[in-house]
file entry.txt (compact mmCIF, C-alpha atoms)
# COMPACT_ATOMS: atom_id res chain seq x y z
CA MET V 1124 -83.10 -63.64 -112.49
CA ASP V 1125 -85.48 -63.99 -109.56
CA PRO V 1126 -83.50 -65.04 -106.44
CA TYR V 1127 -86.55 -66.82 -104.97
CA PHE V 1128 -86.89 -69.02 -108.05
CA LEU V 1129 -83.14 -69.57 -108.20
CA VAL V 1130 -82.83 -70.71 -104.56
CA PHE V 1131 -85.66 -73.24 -104.73
CA ALA V 1132 -84.78 -74.40 -108.24
CA ILE V 1133 -81.22 -75.17 -107.09
CA MET V 1134 -82.60 -76.90 -103.97
CA ALA V 1135 -84.93 -79.05 -106.09
CA LEU V 1136 -82.21 -79.92 -108.61
CA GLY V 1137 -79.60 -80.68 -105.94
CA ALA V 1138 -82.04 -82.85 -104.00
CA GLY V 1139 -83.07 -84.60 -107.24
CA VAL V 1140 -79.46 -85.46 -108.08
CA PHE V 1141 -78.92 -86.63 -104.50
CA MET V 1142 -82.08 -88.72 -104.76
CA ILE V 1143 -81.11 -90.68 -107.86
CA SER V 1144 -77.49 -91.11 -106.78
CA ALA V 1145 -78.08 -92.17 -103.14
CA ARG V 1146 -76.89 -95.67 -102.41
CA ASP V 1147 -79.85 -96.70 -100.25
CA ALA V 1148 -83.57 -96.09 -100.47
CA PHE V 1149 -83.82 -94.14 -97.21
CA PRO V 1150 -81.51 -91.20 -98.10
CA SER V 1151 -83.19 -91.26 -101.50
CA ALA V 1152 -86.58 -90.74 -99.83
CA LEU V 1153 -85.10 -87.77 -97.93
CA GLY V 1154 -84.00 -86.25 -101.24
CA LEU V 1155 -87.49 -86.78 -102.66
CA LEU V 1156 -89.01 -85.03 -99.62
CA THR V 1157 -86.73 -82.03 -100.22
CA VAL V 1158 -87.85 -81.89 -103.87
CA PHE V 1159 -91.50 -81.92 -102.74
CA ILE V 1160 -90.95 -79.05 -100.27
CA ALA V 1161 -88.95 -76.96 -102.76
CA LEU V 1162 -91.68 -77.44 -105.38
CA ALA V 1163 -94.31 -76.43 -102.80
CA ALA V 1164 -92.41 -73.17 -102.28
CA LEU V 1165 -92.34 -72.61 -106.05
CA TYR V 1166 -96.11 -73.26 -106.23
CA LEU V 1167 -96.65 -70.50 -103.64
CA HIS V 1168 -94.64 -68.21 -105.88
CA LEU V 1169 -96.80 -69.16 -108.88
CA HIS V 1170 -100.05 -68.08 -107.13
CA ALA V 1171 -101.11 -71.67 -106.47
CA PRO V 1172 -101.48 -71.79 -102.65
CA LEU V 1173 -104.04 -74.61 -102.80
CA VAL V 1174 -101.69 -76.78 -104.85
CA ALA V 1175 -98.86 -75.91 -102.43
CA ILE V 1176 -100.99 -76.98 -99.44
CA PHE V 1177 -101.89 -80.27 -101.15
CA GLN V 1178 -98.27 -80.75 -102.18
CA VAL V 1179 -97.20 -80.57 -98.52
CA SER V 1180 -100.11 -82.54 -97.05
CA ILE V 1181 -100.57 -85.25 -99.72
CA TYR V 1182 -97.10 -85.64 -101.19
CA ALA V 1183 -94.79 -84.72 -98.31
CA GLY V 1184 -97.36 -85.92 -95.78
CA SER V 1185 -99.09 -89.12 -96.78
CA ILE V 1186 -97.31 -90.41 -99.90
CA LEU V 1187 -93.80 -89.97 -98.51
CA VAL V 1188 -94.78 -91.38 -95.12
CA LEU V 1189 -96.16 -94.44 -96.93
CA ILE V 1190 -92.93 -94.81 -98.93
CA VAL V 1191 -90.76 -94.47 -95.80
CA PHE V 1192 -93.00 -96.97 -94.03
CA VAL V 1193 -92.48 -99.53 -96.81
CA ILE V 1194 -88.72 -98.83 -96.85
CA MET V 1195 -88.63 -99.57 -93.13
CA LEU V 1196 -90.67 -102.75 -93.67
CA LEU V 1197 -88.41 -104.00 -96.47
CA MET V 1198 -85.12 -102.97 -94.86
CA THR V 1199 -82.63 -105.80 -94.57
CA PRO V 1200 -81.33 -106.31 -91.01
CA GLY V 1201 -77.89 -104.93 -92.02
CA GLN V 1202 -79.34 -101.52 -92.83
CA ARG V 1203 -79.83 -99.41 -89.74
CA LEU V 1204 -81.00 -95.84 -89.40
CA GLN V 1205 -78.00 -94.95 -87.24
CA GLU V 1206 -75.64 -95.76 -90.12
CA PHE V 1207 -77.38 -93.26 -92.36
CA GLN V 1208 -77.33 -90.61 -89.65
CA ARG V 1209 -73.54 -90.84 -89.37
CA ASN V 1210 -73.23 -90.23 -93.10
CA LEU V 1211 -72.11 -86.64 -93.94
CA SER V 1212 -74.12 -86.30 -97.15
CA TYR V 1213 -77.19 -87.42 -95.23
CA ARG V 1214 -76.63 -84.65 -92.67
CA ILE V 1215 -76.14 -82.03 -95.39
CA MET V 1216 -79.35 -83.18 -97.05
CA GLY V 1217 -81.16 -82.92 -93.71
CA GLY V 1218 -79.82 -79.38 -93.24
CA ILE V 1219 -81.00 -78.32 -96.71
CA LEU V 1220 -84.42 -79.83 -96.02
CA GLY V 1221 -84.69 -77.95 -92.71
CA ALA V 1222 -83.69 -74.66 -94.36
CA CYS V 1223 -86.25 -75.31 -97.10
CA LEU V 1224 -89.05 -75.91 -94.55
CA ILE V 1225 -88.18 -72.75 -92.59
CA ALA V 1226 -88.12 -70.69 -95.79
CA LEU V 1227 -91.51 -72.12 -96.79
CA LEU V 1228 -93.03 -71.22 -93.40
CA VAL V 1229 -91.61 -67.67 -93.42
CA ILE V 1230 -92.82 -67.04 -96.96
CA GLY V 1231 -96.20 -68.57 -96.17
CA LEU V 1232 -96.61 -66.29 -93.14
CA LYS V 1233 -95.72 -63.21 -95.17
CA GLY V 1234 -98.87 -63.69 -97.24
CA VAL V 1235 -101.30 -63.60 -94.29
CA GLY V 1236 -100.47 -60.11 -93.00
CA GLU V 1237 -104.09 -59.08 -92.34
CA PHE V 1238 -104.56 -61.93 -89.85
CA PHE V 1239 -102.11 -60.22 -87.50
CA GLN V 1240 -104.33 -57.14 -87.10
CA PRO V 1241 -106.02 -57.37 -83.63
CA ARG V 1242 -109.79 -56.81 -83.38
CA GLU V 1243 -112.20 -55.53 -80.70
CA MET V 1244 -112.72 -58.02 -77.81
CA THR V 1245 -116.30 -59.12 -77.01
CA ALA V 1246 -117.59 -59.89 -73.49
CA ASP V 1247 -118.46 -63.60 -73.87
CA PHE V 1248 -115.45 -64.49 -76.02
CA GLY V 1249 -114.04 -67.90 -75.05
CA ALA V 1250 -116.94 -68.80 -72.72
CA PRO V 1251 -117.81 -72.53 -72.90
CA SER V 1252 -121.40 -71.70 -73.89
CA ALA V 1253 -120.20 -69.55 -76.80
CA VAL V 1254 -117.86 -72.31 -78.01
CA GLY V 1255 -120.65 -74.87 -77.67
CA GLU V 1256 -123.06 -72.70 -79.61
CA LEU V 1257 -120.56 -72.48 -82.46
CA PHE V 1258 -120.02 -76.23 -82.29
CA PHE V 1259 -123.70 -77.14 -82.63
CA ASN V 1260 -124.67 -74.47 -85.14
CA ARG V 1261 -122.01 -73.53 -87.65
CA PHE V 1262 -119.86 -76.67 -87.30
CA LEU V 1263 -122.60 -79.26 -86.71
CA ILE V 1264 -121.75 -81.39 -89.76
CA HIS V 1265 -118.03 -81.33 -88.91
CA PHE V 1266 -118.90 -82.35 -85.36
CA GLU V 1267 -120.93 -85.35 -86.56
CA VAL V 1268 -118.25 -86.40 -89.05
CA VAL V 1269 -115.60 -86.31 -86.32
CA SER V 1270 -117.78 -88.42 -84.02
CA ILE V 1271 -118.19 -91.03 -86.77
CA LEU V 1272 -114.42 -90.95 -87.36
CA LEU V 1273 -113.80 -91.59 -83.66
CA LEU V 1274 -116.33 -94.44 -83.65
CA VAL V 1275 -114.69 -96.09 -86.69
CA ALA V 1276 -111.22 -95.69 -85.14
CA MET V 1277 -112.48 -97.24 -81.90
CA VAL V 1278 -114.05 -100.23 -83.67
CA GLY V 1279 -110.90 -100.66 -85.76
CA ALA V 1280 -108.60 -100.50 -82.74
CA ILE V 1281 -110.67 -103.08 -80.86
CA TYR V 1282 -110.70 -105.35 -83.91
CA LEU V 1283 -106.93 -105.06 -84.39
CA ALA V 1284 -106.08 -105.52 -80.72
CA LYS V 1285 -108.44 -108.49 -80.30
CA ARG V 1286 -106.68 -111.82 -80.01
CA ARG V 1287 -107.41 -114.03 -83.02
CA SER V 1288 -108.96 -117.27 -81.85
CA MET F 1302 -89.48 -62.49 -111.96
CA ALA F 1303 -88.48 -65.77 -113.55
CA GLY F 1304 -90.30 -66.37 -116.84
CA LEU F 1305 -92.20 -69.36 -118.07
CA THR F 1306 -89.12 -70.63 -119.90
CA GLU F 1307 -87.13 -71.03 -116.68
CA TYR F 1308 -89.92 -73.00 -115.00
CA VAL F 1309 -90.33 -75.27 -118.00
CA ILE F 1310 -86.57 -75.83 -118.17
CA LEU F 1311 -86.51 -76.69 -114.43
CA SER F 1312 -89.46 -79.04 -114.97
CA ALA F 1313 -87.72 -80.70 -117.92
CA ILE F 1314 -84.49 -81.21 -115.95
CA LEU F 1315 -86.40 -82.72 -113.00
CA PHE F 1316 -88.29 -85.00 -115.38
CA GLY F 1317 -85.00 -86.02 -116.96
CA LEU F 1318 -83.48 -86.75 -113.54
CA GLY F 1319 -86.48 -88.94 -112.72
CA ALA F 1320 -86.20 -90.77 -116.04
CA ILE F 1321 -82.43 -91.30 -115.60
CA GLY F 1322 -82.99 -92.60 -112.08
CA PHE F 1323 -85.76 -94.91 -113.23
CA LEU F 1324 -83.64 -96.36 -116.02
CA THR F 1325 -80.34 -96.69 -114.14
CA ARG F 1326 -81.29 -97.78 -110.62
CA ARG F 1327 -82.09 -101.37 -109.75
CA ASN F 1328 -83.65 -100.78 -106.33
CA ALA F 1329 -87.40 -101.04 -106.89
CA LEU F 1330 -88.14 -98.48 -104.15
CA ILE F 1331 -85.84 -95.87 -105.69
CA MET F 1332 -87.36 -96.54 -109.11
CA PHE F 1333 -90.74 -95.97 -107.54
CA MET F 1334 -89.64 -92.64 -106.09
CA CYS F 1335 -88.26 -91.65 -109.50
CA ILE F 1336 -91.77 -92.04 -110.94
CA GLU F 1337 -92.99 -89.65 -108.24
CA LEU F 1338 -90.24 -87.20 -109.23
CA MET F 1339 -91.39 -87.32 -112.86
CA LEU F 1340 -95.02 -86.71 -111.81
CA ASN F 1341 -93.88 -83.73 -109.75
CA ALA F 1342 -91.92 -82.30 -112.66
CA VAL F 1343 -95.07 -82.43 -114.80
CA ASN F 1344 -97.06 -80.80 -111.98
CA LEU F 1345 -94.55 -77.93 -111.86
CA SER F 1346 -94.88 -77.24 -115.57
CA LEU F 1347 -98.71 -77.40 -115.32
CA VAL F 1348 -98.76 -74.89 -112.44
CA ALA F 1349 -96.29 -72.65 -114.30
CA PHE F 1350 -98.44 -72.69 -117.45
CA ALA F 1351 -101.56 -72.02 -115.35
CA HIS F 1352 -99.82 -69.00 -113.79
CA PHE F 1353 -98.36 -67.47 -116.93
CA ARG F 1354 -101.44 -68.04 -119.09
CA VAL F 1355 -103.81 -67.08 -116.21
CA ASP F 1356 -105.86 -70.26 -116.66
CA LEU F 1357 -106.88 -72.13 -113.49
CA SER F 1358 -107.62 -75.41 -115.27
CA GLY F 1359 -103.90 -76.23 -115.04
CA GLN F 1360 -104.15 -76.22 -111.25
CA VAL F 1361 -107.26 -78.40 -111.33
CA LEU F 1362 -105.41 -80.91 -113.51
CA VAL F 1363 -102.60 -80.92 -110.92
CA LEU F 1364 -105.10 -81.81 -108.19
CA PHE F 1365 -106.33 -84.72 -110.32
CA ILE F 1366 -102.72 -85.87 -110.74
CA PHE F 1367 -102.38 -85.76 -106.94
CA ALA F 1368 -105.29 -88.17 -106.59
CA VAL F 1369 -103.89 -90.49 -109.26
CA ALA F 1370 -100.44 -90.37 -107.64
CA ALA F 1371 -101.88 -91.24 -104.23
CA ALA F 1372 -103.73 -94.24 -105.72
CA GLU F 1373 -100.63 -95.26 -107.66
CA VAL F 1374 -98.49 -95.17 -104.51
CA ALA F 1375 -100.98 -97.22 -102.51
CA VAL F 1376 -101.32 -99.94 -105.18
CA GLY F 1377 -97.65 -99.86 -106.24
CA LEU F 1378 -96.28 -100.24 -102.74
CA ALA F 1379 -98.76 -103.03 -102.02
CA ILE F 1380 -97.50 -104.87 -105.15
CA LEU F 1381 -93.93 -104.25 -104.02
CA ILE F 1382 -94.60 -105.74 -100.58
CA ALA F 1383 -96.34 -108.75 -102.16
CA LEU F 1384 -93.32 -109.23 -104.46
CA PHE F 1385 -90.93 -108.87 -101.55
CA ARG F 1386 -92.73 -111.70 -99.74
CA HIS F 1387 -91.82 -114.03 -102.63
CA VAL F 1388 -88.34 -112.86 -103.60
CA LYS F 1389 -87.01 -111.34 -100.32
CA ASP F 1390 -85.28 -108.58 -102.25
CA VAL F 1391 -86.04 -105.16 -103.76
CA ASP F 1392 -83.49 -105.58 -106.57
CA ILE F 1393 -85.57 -105.73 -109.77
CA THR F 1394 -83.12 -108.08 -111.51
CA GLU F 1395 -84.22 -110.71 -108.99
CA TYR F 1396 -87.82 -110.46 -110.17
CA ASN F 1397 -87.95 -113.14 -112.87
CA LEU F 1398 -91.15 -114.97 -112.01
CA LEU F 1399 -92.58 -114.46 -115.49
CA LYS F 1400 -89.38 -115.52 -117.26
CA TRP F 1401 -89.02 -119.03 -118.67

call {"tool": "encode", "arguments": {"input": "entry.txt", "output": "structure tokens"}}
result
Amino acid sequence: MDPYFLVFAIMALGAGVFMISARDAFPSALGLLTVFIALAALYLHLHAPLVAIFQVSIYAGSILVLIVFVIMLLMTPGQRLQEFQRNLSYRIMGGILGACLIALLVIGLKGVGEFFQPREMTADFGAPSAVGELFFNRFLIHFEVVSILLLVAMVGAIYLAKRRS
Amino acid sequence: MAGLTEYVILSAILFGLGAIGFLTRRNALIMFMCIELMLNAVNLSLVAFAHFRVDLSGQVLVLFIFAVAAAEVAVGLAILIALFRHVKDVDITEYNLLKW
């Protein structure tokens, strides 16, 4: 049997059992995060790098952050983060999650070997004019989108910070 | 190389864990996360089938499931917060507004 599959399958199953048996919602969310990361590693193995990227950025990134945010909002005053951190099973789960993330990064880097080959240096590389030229030619649409994003964020921040009269 | 069978078995066990968690837990947040676990188990089997049958449409379907899951989380958690404002608890046995 493939050791790569075995390691991440056991990680996913262990984290899944931890998730449904955890007493509180917060350790449960940690277990769910570990399942997401282990599955992302399996997706890389199944020639689905795009799905793996989305798994990490959408699931482990935004969806889990939203869930943790709501857990924090709905936490009763008796439940404190420090209490979970003293818990041994919580620490073990954190260790497994860290190992999982490191393994994912190492495996992900292994696939991009050709990026580590150095190329010939050009004279104007890194000059502000060269960077600016790239900005306003090849990445013009990205540049405009980012400026609109900043404008929206600014308007939103002013609206939120404004005192309601 | 692990075969398709192993991936499908792993997916089935994860789905089962999610279903067990959904049916046995009473904390609404944990139940919610169990739904996510079930969705992920299905995603794993879809990606595995896409890989072993060399058909990319499985991966495209997974990306659609991602979008649906993101929408589901946004709406579901908003409902949960609205419920929590009324009941002050995440225990689903306390939610009996529609019972009479």

call {"tool": "axis_aligned_box", "arguments": {"input": "entry.txt", "around": "region 1344-1358 of chain F", "padding_each_side": "3 Å", "output": "lines of an AutoDock Vina configuration file"}}
result
center_x = -101.1
center_y = -73.9
center_z = -115.5
size_x = 19.1
size_y = 19.7
size_z = 13.2

call {"tool": "interface_residues", "arguments": {"input": "entry.txt", "of": "chain V", "to": "chain F", "cutoff": "6 Å", "atoms": "all atoms listed in the file", "output": "list in words"}}
result
Met1124, Asp1125, Ile1143, Ala1148 and Leu1169 of chain V

call {"tool": "write_last_selection", "arguments": {"input": "entry.txt", "atoms": "C-alpha atoms", "output": "compact mmCIF listing (two decimals), in the coordinates of the input"}}
result
# COMPACT_ATOMS: atom_id res chain seq x y z
CA MET V 1124 -83.10 -63.64 -112.49
CA ASP V 1125 -85.48 -63.99 -109.56
CA ILE V 1143 -81.11 -90.68 -107.86
CA ALA V 1148 -83.57 -96.09 -100.47
CA LEU V 1169 -96.80 -69.16 -108.88

call {"tool": "closest_residue", "arguments": {"input": "entry.txt", "among": "V:Phe1258, V:Phe1149, V:Phe1248, V:Phe1131", "to": "Leu1224 (chain V)", "atoms": "all atoms listed in the file"}}
result
V:Phe1131

call {"tool": "residues_around", "arguments": {"input": "entry.txt", "residues": "Gln1178 (chain V)", "least_positions_apart": "3", "cutoff": "8 Å", "atoms": "only C-alpha atoms", "output": "number ranges by chain"}}
result
V: 1159-1160, 1163, 1174-1175, 1181-1183

call {"tool": "atom_distance", "arguments": {"input": "entry.txt", "atom1": "CA of Ala1313 (chain F)", "atom2": "CA of Val1140 (chain V)"}}
result
13.7 Å

call {"tool": "atom_distance", "arguments": {"input": "entry.txt", "atom1": "CA of Leu1153 (chain V)", "atom2": "CA of Ile1190 (chain V)"}}
result
10.6 Å

call {"tool": "residues_around", "arguments": {"input": "entry.txt", "residues": "Met1216 (chain V)", "least_positions_apart": "2", "cutoff": "9 Å", "atoms": "all atoms listed in the file", "output": "list in words"}}
result
Ala1138, Phe1141, Pro1150, Leu1153, Gly1154, Thr1157, Leu1211, Ser1212, Tyr1213, Arg1214, Gly1218, Ile1219, Leu1220 and Gly1221 of chain V

call {"tool": "closest_residue", "arguments": {"input": "entry.txt", "among": "V:Ala1246, V:Ala1161, V:Leu1274, V:Leu1189", "to": "Ile1133 (chain V)", "atoms": "all atoms listed in the file"}}
result
V:Ala1161

call {"tool": "atom_distance", "arguments": {"input": "entry.txt", "atom1": "CA of Arg1261 (chain V)", "atom2": "CA of Thr1245 (chain V)"}}
result
18.8 Å

call {"tool": "closest_residue", "arguments": {"input": "entry.txt", "among": "F:Leu1347, F:Ile1380, F:Leu1362, F:Ile1336", "to": "Leu1305 (chain F)", "atoms": "all atoms listed in the file"}}
result
F:Leu1347
